[in-house]
>>> print(open('structure-v5.tsv').read())   # TSV, C-alpha atoms and all ligand atoms
chain	number	residue	atom	x	y	z
Q	286	MET	CA	-16.95	-0.54	40.28
Q	287	ASN	CA	-16.32	-1.64	36.69
Q	288	LYS	CA	-17.65	0.25	33.72
Q	289	ARG	CA	-20.57	-2.06	33.12
Q	290	SER	CA	-21.90	-1.94	36.67
Q	291	LEU	CA	-21.41	1.82	36.71
Q	292	ILE	CA	-23.59	2.17	33.62
Q	293	TYR	CA	-26.09	-0.21	35.20
Q	294	THR	CA	-26.21	1.85	38.39
Q	295	LEU	CA	-26.63	5.09	36.48
Q	296	ALA	CA	-29.43	3.55	34.45
Q	297	LEU	CA	-31.15	2.45	37.64
Q	298	LEU	CA	-30.85	5.89	39.16
Q	299	GLY	CA	-32.16	7.38	35.95
Q	300	CYS	CA	-35.15	5.11	36.00
Q	301	CYS	CA	-36.12	5.94	39.54
Q	302	ALA	CA	-35.30	9.62	39.88
Q	303	GLY	CA	-38.46	11.50	39.10
Q	304	PRO	CA	-41.17	13.58	40.65
Q	305	LEU	CA	-42.24	12.58	44.14
Q	306	PRO	CA	-45.61	10.89	44.40
Q	307	ALA	CA	-48.29	13.57	44.66
Q	308	SER	CA	-48.97	12.85	48.32
Q	309	ALA	CA	-45.34	13.44	49.30
Q	310	ALA	CA	-44.68	16.39	46.98
Q	311	PRO	CA	-44.58	19.65	48.90
Q	312	ASP	CA	-47.09	22.17	47.63
Q	313	GLY	CA	-47.01	25.92	47.88
Q	314	ALA	CA	-49.69	26.12	50.57
Q	315	ALA	CA	-47.94	23.63	52.86
Q	316	LEU	CA	-44.56	25.27	52.31
Q	317	PHE	CA	-46.08	28.67	53.06
Q	318	GLN	CA	-47.40	27.35	56.38
Q	319	GLN	CA	-43.99	25.95	57.30
Q	320	THR	CA	-41.98	28.94	56.18
Q	321	CYS	CA	-43.88	32.21	56.11
Q	322	ALA	CA	-47.00	31.83	58.26
Q	323	ALA	CA	-45.28	32.35	61.62
Q	324	CYS	CA	-44.69	35.98	60.70
Q	325	HIS	CA	-47.25	36.72	57.97
Q	326	GLY	CA	-50.19	34.82	59.49
Q	327	ALA	CA	-51.68	31.44	58.56
Q	328	ASP	CA	-53.89	33.03	55.90
Q	329	GLY	CA	-51.27	35.57	54.78
Q	330	THR	CA	-53.26	38.53	56.07
Q	331	GLY	CA	-50.34	39.74	58.17
Q	332	ILE	CA	-49.82	40.25	61.88
Q	333	PRO	CA	-49.99	43.96	62.81
Q	334	GLY	CA	-46.85	44.99	64.66
Q	335	LEU	CA	-44.95	42.00	63.26
Q	336	ALA	CA	-45.18	41.45	59.49
Q	337	PRO	CA	-47.34	42.93	56.70
Q	338	PRO	CA	-50.08	41.13	54.76
Q	339	LEU	CA	-49.09	39.16	51.68
Q	340	ALA	CA	-52.72	38.81	50.67
Q	341	ASN	CA	-52.72	42.39	49.41
Q	342	PRO	CA	-53.90	42.70	45.78
Q	343	GLU	CA	-53.36	46.48	45.89
Q	344	LEU	CA	-49.62	46.03	46.48
Q	345	TRP	CA	-49.22	43.47	43.71
Q	346	SER	CA	-51.24	45.45	41.21
Q	347	THR	CA	-49.12	48.55	41.94
Q	348	LEU	CA	-46.06	46.45	41.15
Q	349	GLY	CA	-47.75	45.12	38.00
Q	350	PRO	CA	-45.50	43.01	35.79
Q	351	GLN	CA	-42.64	43.53	38.27
Q	352	ALA	CA	-44.54	41.77	41.07
Q	353	PRO	CA	-42.78	38.42	40.53
Q	354	ARG	CA	-39.36	40.07	40.66
Q	355	TYR	CA	-40.21	42.03	43.80
Q	356	LEU	CA	-41.39	38.87	45.54
Q	357	ALA	CA	-38.28	36.96	44.43
Q	358	GLN	CA	-36.02	39.76	45.70
Q	359	VAL	CA	-37.76	40.07	49.09
Q	360	MET	CA	-37.80	36.32	49.69
Q	361	THR	CA	-34.14	35.85	48.83
Q	362	GLY	CA	-32.67	39.08	50.20
Q	363	GLY	CA	-35.10	39.98	52.98
Q	364	LEU	CA	-36.46	43.43	53.76
Q	365	SER	CA	-35.89	46.01	56.48
Q	366	GLY	CA	-36.69	49.63	57.22
Q	367	THR	CA	-40.11	51.18	57.56
Q	368	ILE	CA	-42.92	50.25	55.21
Q	369	THR	CA	-46.62	51.05	55.36
Q	370	SER	CA	-49.07	48.40	54.29
Q	371	ALA	CA	-52.86	48.74	54.34
Q	372	GLY	CA	-52.50	51.76	56.63
Q	373	VAL	CA	-50.28	49.99	59.20
Q	374	THR	CA	-46.60	50.86	59.62
Q	375	TYR	CA	-44.07	48.05	59.98
Q	376	SER	CA	-40.54	48.73	61.14
Q	377	ALA	CA	-39.91	46.62	64.21
Q	378	LEU	CA	-38.84	43.37	62.61
Q	379	VAL	CA	-36.41	42.62	59.79
Q	380	MET	CA	-37.51	40.03	57.26
Q	381	PRO	CA	-34.57	37.61	57.08
Q	382	PRO	CA	-33.37	36.25	53.71
Q	383	GLN	CA	-35.00	32.84	53.21
Q	384	SER	CA	-31.67	31.20	52.44
Q	385	GLN	CA	-32.56	27.84	54.00
Q	386	ILE	CA	-35.19	27.16	51.33
Q	387	SER	CA	-34.48	25.95	47.80
Q	388	ALA	CA	-35.34	28.14	44.82
Q	389	ALA	CA	-37.73	25.41	43.66
Q	390	ASP	CA	-39.66	25.57	46.94
Q	391	LEU	CA	-39.68	29.38	46.87
Q	392	ALA	CA	-41.18	29.18	43.38
Q	393	LEU	CA	-43.99	26.97	44.76
Q	394	ILE	CA	-44.55	29.42	47.63
Q	395	SER	CA	-44.68	32.27	45.09
Q	396	GLY	CA	-47.44	30.53	43.19
Q	397	TYR	CA	-49.42	30.26	46.40
Q	398	VAL	CA	-48.81	33.90	47.41
Q	399	LEU	CA	-49.42	35.56	44.05
Q	400	GLY	CA	-51.94	33.07	42.65
Q	401	THR	CA	-54.00	31.67	45.51
Q	402	LEU	CA	-53.83	34.61	47.92
Q	403	ASN	CA	-53.99	37.41	45.34
Q	404	GLY	CA	-55.58	35.95	42.22
Q	405	GLY	CA	-52.55	36.84	40.07
Q	406	LYS	CA	-51.28	35.00	37.05
Q	407	LEU	CA	-47.55	35.81	37.04
Q	408	TYR	CA	-45.09	34.11	39.38
Q	409	PRO	CA	-41.31	34.08	39.55
Q	410	SER	CA	-39.83	30.90	38.12
Q	411	GLN	CA	-37.15	28.92	39.88
Q	412	ALA	CA	-34.61	30.52	37.51
Q	413	GLU	CA	-35.81	34.03	38.40
Q	414	ILE	CA	-35.44	33.21	42.10
Q	415	GLU	CA	-31.91	31.95	41.47
Q	416	ASP	CA	-31.17	35.20	39.61
Q	417	ALA	CA	-32.49	37.24	42.55
Q	418	ARG	CA	-30.23	35.27	44.90
Q	419	ALA	CA	-27.24	35.91	42.67
Q	420	GLN	CA	-28.01	39.61	42.13
Q	421	PRO	CA	-29.71	41.09	45.18
Q	422	LEU	CA	-30.97	44.67	44.97
Q	423	PRO	CA	-30.35	47.02	47.91
Q	424	ARG	CA	-33.29	46.96	50.32
Q	425	SER	CA	-33.67	50.75	49.97
Q	426	GLU	CA	-34.35	50.19	46.28
Q	427	LEU	CA	-36.91	47.49	47.03
Q	428	ARG	CA	-38.73	49.85	49.39
Q	429	GLN	CA	-38.77	52.60	46.75
Q	430	TRP	CA	-39.92	50.08	44.21
Q	431	ARG	CA	-42.92	48.91	46.24
Q	432	ASN	CA	-43.84	52.54	46.76
Q	433	GLY	CA	-44.19	53.02	43.04
Q	434	LYS	CA	-40.72	54.16	41.92
Q	435	LYS	CA	-39.30	51.36	39.82
Q	436	PRO	CA	-35.53	50.88	39.68
Q	501	LIG	C1	-39.18	36.13	60.77
Q	501	LIG	C2	-40.42	36.66	60.23
Q	501	LIG	C3	-40.66	36.53	58.74
Q	501	LIG	C4	-40.67	35.39	57.96
Q	501	LIG	C5	-40.38	33.95	58.39
Q	501	LIG	C6	-41.04	35.81	56.64
Q	501	LIG	N1	-41.22	37.17	56.60
Q	501	LIG	FE1	-41.77	38.28	54.99
Q	501	LIG	N2	-41.59	39.99	56.08
Q	501	LIG	C7	-41.32	40.04	57.44
Q	501	LIG	C8	-41.26	41.44	57.86
Q	501	LIG	C9	-40.98	41.91	59.27
Q	501	LIG	C10	-41.51	42.22	56.73
Q	501	LIG	C11	-41.52	43.76	56.66
Q	501	LIG	C12	-40.08	44.27	56.70
Q	501	LIG	C13	-40.00	45.78	56.79
Q	501	LIG	O1	-40.69	46.36	57.63
Q	501	LIG	O2	-39.20	46.37	56.05
Q	501	LIG	C14	-41.72	41.28	55.63
Q	501	LIG	C15	-42.02	41.66	54.32
Q	501	LIG	C16	-42.34	40.79	53.31
Q	501	LIG	C17	-42.78	41.18	52.00
Q	501	LIG	C18	-42.97	42.61	51.50
Q	501	LIG	C19	-44.43	43.00	51.72
Q	501	LIG	C20	-44.75	44.41	51.27
Q	501	LIG	O3	-45.81	44.91	51.69
Q	501	LIG	O4	-43.98	44.99	50.51
Q	501	LIG	C21	-42.99	40.03	51.29
Q	501	LIG	C22	-43.43	39.95	49.84
Q	501	LIG	C23	-42.69	38.92	52.16
Q	501	LIG	N3	-42.30	39.41	53.38
Q	501	LIG	C24	-42.80	37.60	51.79
Q	501	LIG	C25	-42.46	36.53	52.63
Q	501	LIG	C26	-42.57	35.14	52.23
Q	501	LIG	C27	-43.10	34.65	50.90
Q	501	LIG	C28	-42.09	34.40	53.28
Q	501	LIG	C29	-41.88	32.90	53.33
Q	501	LIG	C30	-41.01	32.36	52.29
Q	501	LIG	C31	-41.71	35.33	54.34
Q	501	LIG	N4	-41.97	36.60	53.90
Q	501	LIG	C32	-41.19	34.95	55.56
Q	501	LIG	C33	-41.11	38.96	58.26
Q	501	LIG	C34	-41.00	37.65	57.86
>>> encode(input="structure-v5.tsv", output="structure tokens", more="lines below")
Ligand code: HEC
Amino acid sequence: MNKRSLIYTLALLGCCAGPLPASAAPDGAALFQQTCAACHGADGTGIPGLAPPLANPELWSTLGPQAPRYLAQVMTGGLSGTITSAGVTYSALVMPPQSQISAADLALISGYVLGTLNGGKLYPSQAEIEDARAQPLPRSELRQWRNGKKP
């Protein structure tokens, strides 16, 4: 390809690369159904014996301004060990790291979880999710953190 047609091709790509049309763009609710609902329930209220509720304003308000970081860490690094949520103990299943999903899609899911399901206003950005992927905290620290002892 000569220089001119290369520039032409790049210009064409530039012109057409952009956001997907709204109908095709994945939104947080749809991504949640595809990715999280099998374990956490279609409405995020959890499945006792399997996975805890994500619609749990008490948890997120305990975490306060650290809620976005906790969510980013759990989604990217997973969680294991015993936790108690809304009076139910969960220890049977390990939450696997959601490594098959892009940080951009996890950011959309976060907006759905913290905003739609919990009425919150703070969500992790794509960059914060990338940071969590690059610098995972030990799961023991995440468990302590959710129980009110911040790292
Ligand atoms: C294979 C099943 C599975 C999938 C898929 C899954 N999770 Fe989980 N998740 C779990 C389990 C099990 C736990 C509890 C782990 C424990 O007991 O330590 C958990 C815990 C969590 C917690 C911590 C809740 C708390 O009370 O501290 C969050 C937040 C969470 N998951 C978010 C998500 C999101 C968001 C998705 C989708 C991107 C997702 N999970 C996908 C099984 C799953």
>>> closest_residue(input="structure-v5.tsv", among="Q:Gly362, Q:Pro381, Q:Pro342, Q:Pro333", to="ligand LIG 501 (chain Q)", atoms="only C-alpha atoms and all ligand atoms")
Q:Pro381
>>> atom_distance(input="structure-v5.tsv", atom1="atom CA of Pro423 of chain Q", atom2="atom CA of Phe317 of chain Q")
24.7 Å
>>> closest_residue(input="structure-v5.tsv", among="Q:Met380, Q:Ile414, Q:Leu407, Q:Leu402", to="ligand LIG 501 (chain Q)", atoms="only C-alpha atoms and all ligand atoms")
Q:Met380
>>> atom_distance(input="structure-v5.tsv", atom1="atom CA of Thr369 of chain Q", atom2="atom CA of Pro409 of chain Q")
23.8 Å
>>> closest_residue(input="structure-v5.tsv", among="Q:Tyr408, Q:Tyr397, Q:Trp345, Q:Tyr375", to="ligand LIG 501 (chain Q)", atoms="all atoms listed in the file")
Q:Tyr375
>>> closest_atom_pairs(input="structure-v5.tsv", of="chain Q", to="ligand LIG 501 (chain Q)", cutoff="8 Å", atoms="all atoms listed in the file", output="Markdown table")
| residue | atom | partner | partner_atom | distance |
| --- | --- | --- | --- | --- |
| Q:Leu316 | CA | Q:LIG501 | C30 | 7.9 |
| Q:Phe317 | CA | Q:LIG501 | C29 | 6.0 |
| Q:Thr320 | CA | Q:LIG501 | C29 | 4.9 |
| Q:Cys321 | CA | Q:LIG501 | C29 | 3.5 |
| Q:Ala322 | CA | Q:LIG501 | C5 | 7.0 |
| Q:Ala323 | CA | Q:LIG501 | C5 | 6.1 |
| Q:Cys324 | CA | Q:LIG501 | C2 | 4.3 |
| Q:His325 | CA | Q:LIG501 | N1 | 6.2 |
| Q:Leu335 | CA | Q:LIG501 | C9 | 5.6 |
| Q:Ala336 | CA | Q:LIG501 | C9 | 4.2 |
| Q:Pro337 | CA | Q:LIG501 | O3 | 5.6 |
| Q:Pro338 | CA | Q:LIG501 | O3 | 6.5 |
| Q:Leu339 | CA | Q:LIG501 | C22 | 6.0 |
| Q:Asn341 | CA | Q:LIG501 | O3 | 7.7 |
| Q:Leu344 | CA | Q:LIG501 | O3 | 6.6 |
| Q:Tyr355 | CA | Q:LIG501 | C22 | 7.2 |
| Q:Leu356 | CA | Q:LIG501 | C22 | 4.9 |
| Q:Val359 | CA | Q:LIG501 | C21 | 5.7 |
| Q:Met360 | CA | Q:LIG501 | C25 | 5.5 |
| Q:Gly363 | CA | Q:LIG501 | FE1 | 7.2 |
| Q:Leu364 | CA | Q:LIG501 | O2 | 4.6 |
| Q:Ser365 | CA | Q:LIG501 | O2 | 3.4 |
| Q:Gly366 | CA | Q:LIG501 | O2 | 4.3 |
| Q:Thr367 | CA | Q:LIG501 | O1 | 4.9 |
| Q:Ile368 | CA | Q:LIG501 | O1 | 5.1 |
| Q:Thr369 | CA | Q:LIG501 | O3 | 7.2 |
| Q:Ser370 | CA | Q:LIG501 | O3 | 5.4 |
| Q:Thr374 | CA | Q:LIG501 | O1 | 7.7 |
| Q:Tyr375 | CA | Q:LIG501 | O1 | 4.5 |
| Q:Ser376 | CA | Q:LIG501 | O1 | 4.2 |
| Q:Ala377 | CA | Q:LIG501 | O1 | 6.6 |
| Q:Leu378 | CA | Q:LIG501 | C9 | 4.2 |
| Q:Val379 | CA | Q:LIG501 | C9 | 4.7 |
| Q:Met380 | CA | Q:LIG501 | C7 | 3.8 |
| Q:Pro381 | CA | Q:LIG501 | C1 | 6.1 |
| Q:Gln383 | CA | Q:LIG501 | C30 | 6.1 |
| Q:Ile386 | CA | Q:LIG501 | C30 | 7.9 |
| Q:Leu391 | CA | Q:LIG501 | C30 | 6.3 |
| Q:Ile394 | CA | Q:LIG501 | C27 | 6.3 |
| Q:Ser395 | CA | Q:LIG501 | C27 | 6.5 |
| Q:Val398 | CA | Q:LIG501 | C27 | 6.7 |
| Q:Arg428 | CA | Q:LIG501 | O4 | 7.2 |
| Q:Arg431 | CA | Q:LIG501 | O4 | 5.9 |
>>> closest_residue(input="structure-v5.tsv", among="Q:Ala389, Q:Ala315, Q:Ala371, Q:Ala352", to="Trp430 of chain Q", atoms="only C-alpha atoms")
Q:Ala352
>>> atom_distance(input="structure-v5.tsv", atom1="atom CA of Arg418 of chain Q", atom2="atom CA of Asp312 of chain Q")
21.5 Å
>>> closest_residue(input="structure-v5.tsv", among="Q:Ala357, Q:Asn403, Q:Gln420, Q:Ala327", to="Asp390 of chain Q", atoms="all atoms listed in the file")
Q:Ala357
>>> decode(input="structure-v5.tsv", residues="segment 376-395 of chain Q", atoms="N, CA, C and O atoms", output="PDB file, in the first residue's frame")
ATOM      1  N   SER Q 376     -20.081 -19.638  51.619  1.00  0.00           N
ATOM      2  CA  SER Q 376     -18.696 -20.115  51.626  1.00  0.00           C
ATOM      3  C   SER Q 376     -18.499 -21.227  50.606  1.00  0.00           C
ATOM      4  O   SER Q 376     -17.371 -21.605  50.319  1.00  0.00           O
ATOM      5  N   ALA Q 377     -19.591 -21.716  50.029  1.00  0.00           N
ATOM      6  CA  ALA Q 377     -19.477 -22.902  49.189  1.00  0.00           C
ATOM      7  C   ALA Q 377     -18.760 -22.619  47.878  1.00  0.00           C
ATOM      8  O   ALA Q 377     -17.946 -23.403  47.417  1.00  0.00           O
ATOM      9  N   LEU Q 378     -19.085 -21.475  47.285  1.00  0.00           N
ATOM     10  CA  LEU Q 378     -18.625 -21.228  45.914  1.00  0.00           C
ATOM     11  C   LEU Q 378     -17.608 -20.094  45.914  1.00  0.00           C
ATOM     12  O   LEU Q 378     -17.735 -19.133  46.667  1.00  0.00           O
ATOM     13  N   VAL Q 379     -16.614 -20.213  45.052  1.00  0.00           N
ATOM     14  CA  VAL Q 379     -15.637 -19.140  44.848  1.00  0.00           C
ATOM     15  C   VAL Q 379     -16.150 -18.252  43.724  1.00  0.00           C
ATOM     16  O   VAL Q 379     -16.613 -18.760  42.706  1.00  0.00           O
ATOM     17  N   MET Q 380     -16.096 -16.941  43.919  1.00  0.00           N
ATOM     18  CA  MET Q 380     -16.396 -16.058  42.790  1.00  0.00           C
ATOM     19  C   MET Q 380     -15.156 -15.978  41.912  1.00  0.00           C
ATOM     20  O   MET Q 380     -14.093 -15.550  42.354  1.00  0.00           O
ATOM     21  N   PRO Q 381     -15.260 -16.400  40.648  1.00  0.00           N
ATOM     22  CA  PRO Q 381     -14.077 -16.376  39.777  1.00  0.00           C
ATOM     23  C   PRO Q 381     -13.791 -14.961  39.272  1.00  0.00           C
ATOM     24  O   PRO Q 381     -14.719 -14.183  39.068  1.00  0.00           O
ATOM     25  N   PRO Q 382     -12.510 -14.629  39.045  1.00  0.00           N
ATOM     26  CA  PRO Q 382     -12.190 -13.329  38.437  1.00  0.00           C
ATOM     27  C   PRO Q 382     -12.898 -13.225  37.083  1.00  0.00           C
ATOM     28  O   PRO Q 382     -12.933 -14.196  36.333  1.00  0.00           O
ATOM     29  N   GLN Q 383     -13.464 -12.063  36.796  1.00  0.00           N
ATOM     30  CA  GLN Q 383     -14.220 -11.904  35.540  1.00  0.00           C
ATOM     31  C   GLN Q 383     -13.262 -11.452  34.438  1.00  0.00           C
ATOM     32  O   GLN Q 383     -13.411 -10.381  33.859  1.00  0.00           O
ATOM     33  N   SER Q 384     -12.271 -12.320  34.160  1.00  0.00           N
ATOM     34  CA  SER Q 384     -11.205 -11.884  33.247  1.00  0.00           C
ATOM     35  C   SER Q 384     -11.612 -11.905  31.776  1.00  0.00           C
ATOM     36  O   SER Q 384     -10.926 -11.342  30.945  1.00  0.00           O
ATOM     37  N   GLN Q 385     -12.742 -12.549  31.479  1.00  0.00           N
ATOM     38  CA  GLN Q 385     -13.175 -12.626  30.074  1.00  0.00           C
ATOM     39  C   GLN Q 385     -13.896 -11.352  29.623  1.00  0.00           C
ATOM     40  O   GLN Q 385     -14.189 -11.185  28.449  1.00  0.00           O
ATOM     41  N   ILE Q 386     -14.154 -10.440  30.559  1.00  0.00           N
ATOM     42  CA  ILE Q 386     -14.938  -9.247  30.224  1.00  0.00           C
ATOM     43  C   ILE Q 386     -14.037  -8.019  30.218  1.00  0.00           C
ATOM     44  O   ILE Q 386     -13.195  -7.867  31.101  1.00  0.00           O
ATOM     45  N   SER Q 387     -14.255  -7.133  29.249  1.00  0.00           N
ATOM     46  CA  SER Q 387     -13.415  -5.935  29.163  1.00  0.00           C
ATOM     47  C   SER Q 387     -13.692  -4.998  30.343  1.00  0.00           C
ATOM     48  O   SER Q 387     -14.784  -5.009  30.930  1.00  0.00           O
ATOM     49  N   ALA Q 388     -12.691  -4.170  30.638  1.00  0.00           N
ATOM     50  CA  ALA Q 388     -12.862  -3.183  31.713  1.00  0.00           C
ATOM     51  C   ALA Q 388     -14.006  -2.229  31.380  1.00  0.00           C
ATOM     52  O   ALA Q 388     -14.742  -1.797  32.267  1.00  0.00           O
ATOM     53  N   ALA Q 389     -14.178  -1.911  30.093  1.00  0.00           N
ATOM     54  CA  ALA Q 389     -15.269  -1.003  29.707  1.00  0.00           C
ATOM     55  C   ALA Q 389     -16.618  -1.629  30.043  1.00  0.00           C
ATOM     56  O   ALA Q 389     -17.515  -0.963  30.580  1.00  0.00           O
ATOM     57  N   ASP Q 390     -16.771  -2.925  29.752  1.00  0.00           N
ATOM     58  CA  ASP Q 390     -18.046  -3.588  30.057  1.00  0.00           C
ATOM     59  C   ASP Q 390     -18.239  -3.731  31.565  1.00  0.00           C
ATOM     60  O   ASP Q 390     -19.351  -3.596  32.070  1.00  0.00           O
ATOM     61  N   LEU Q 391     -17.152  -3.977  32.304  1.00  0.00           N
ATOM     62  CA  LEU Q 391     -17.290  -4.066  33.765  1.00  0.00           C
ATOM     63  C   LEU Q 391     -17.700  -2.704  34.346  1.00  0.00           C
ATOM     64  O   LEU Q 391     -18.438  -2.646  35.324  1.00  0.00           O
ATOM     65  N   ALA Q 392     -17.236  -1.630  33.716  1.00  0.00           N
ATOM     66  CA  ALA Q 392     -17.647  -0.298  34.186  1.00  0.00           C
ATOM     67  C   ALA Q 392     -19.158  -0.121  33.967  1.00  0.00           C
ATOM     68  O   ALA Q 392     -19.858   0.423  34.837  1.00  0.00           O
ATOM     69  N   LEU Q 393     -19.671  -0.586  32.830  1.00  0.00           N
ATOM     70  CA  LEU Q 393     -21.123  -0.489  32.581  1.00  0.00           C
ATOM     71  C   LEU Q 393     -21.893  -1.324  33.602  1.00  0.00           C
ATOM     72  O   LEU Q 393     -22.923  -0.897  34.137  1.00  0.00           O
ATOM     73  N   ILE Q 394     -21.386  -2.535  33.882  1.00  0.00           N
ATOM     74  CA  ILE Q 394     -22.045  -3.399  34.870  1.00  0.00           C
ATOM     75  C   ILE Q 394     -22.037  -2.709  36.239  1.00  0.00           C
ATOM     76  O   ILE Q 394     -23.021  -2.741  36.972  1.00  0.00           O
ATOM     77  N   SER Q 395     -20.926  -2.059  36.568  1.00  0.00           N
ATOM     78  CA  SER Q 395     -20.819  -1.369  37.862  1.00  0.00           C
ATOM     79  C   SER Q 395     -21.878  -0.295  38.006  1.00  0.00           C
ATOM     80  O   SER Q 395     -22.454  -0.116  39.084  1.00  0.00           O
TER      81      SER Q 395
END
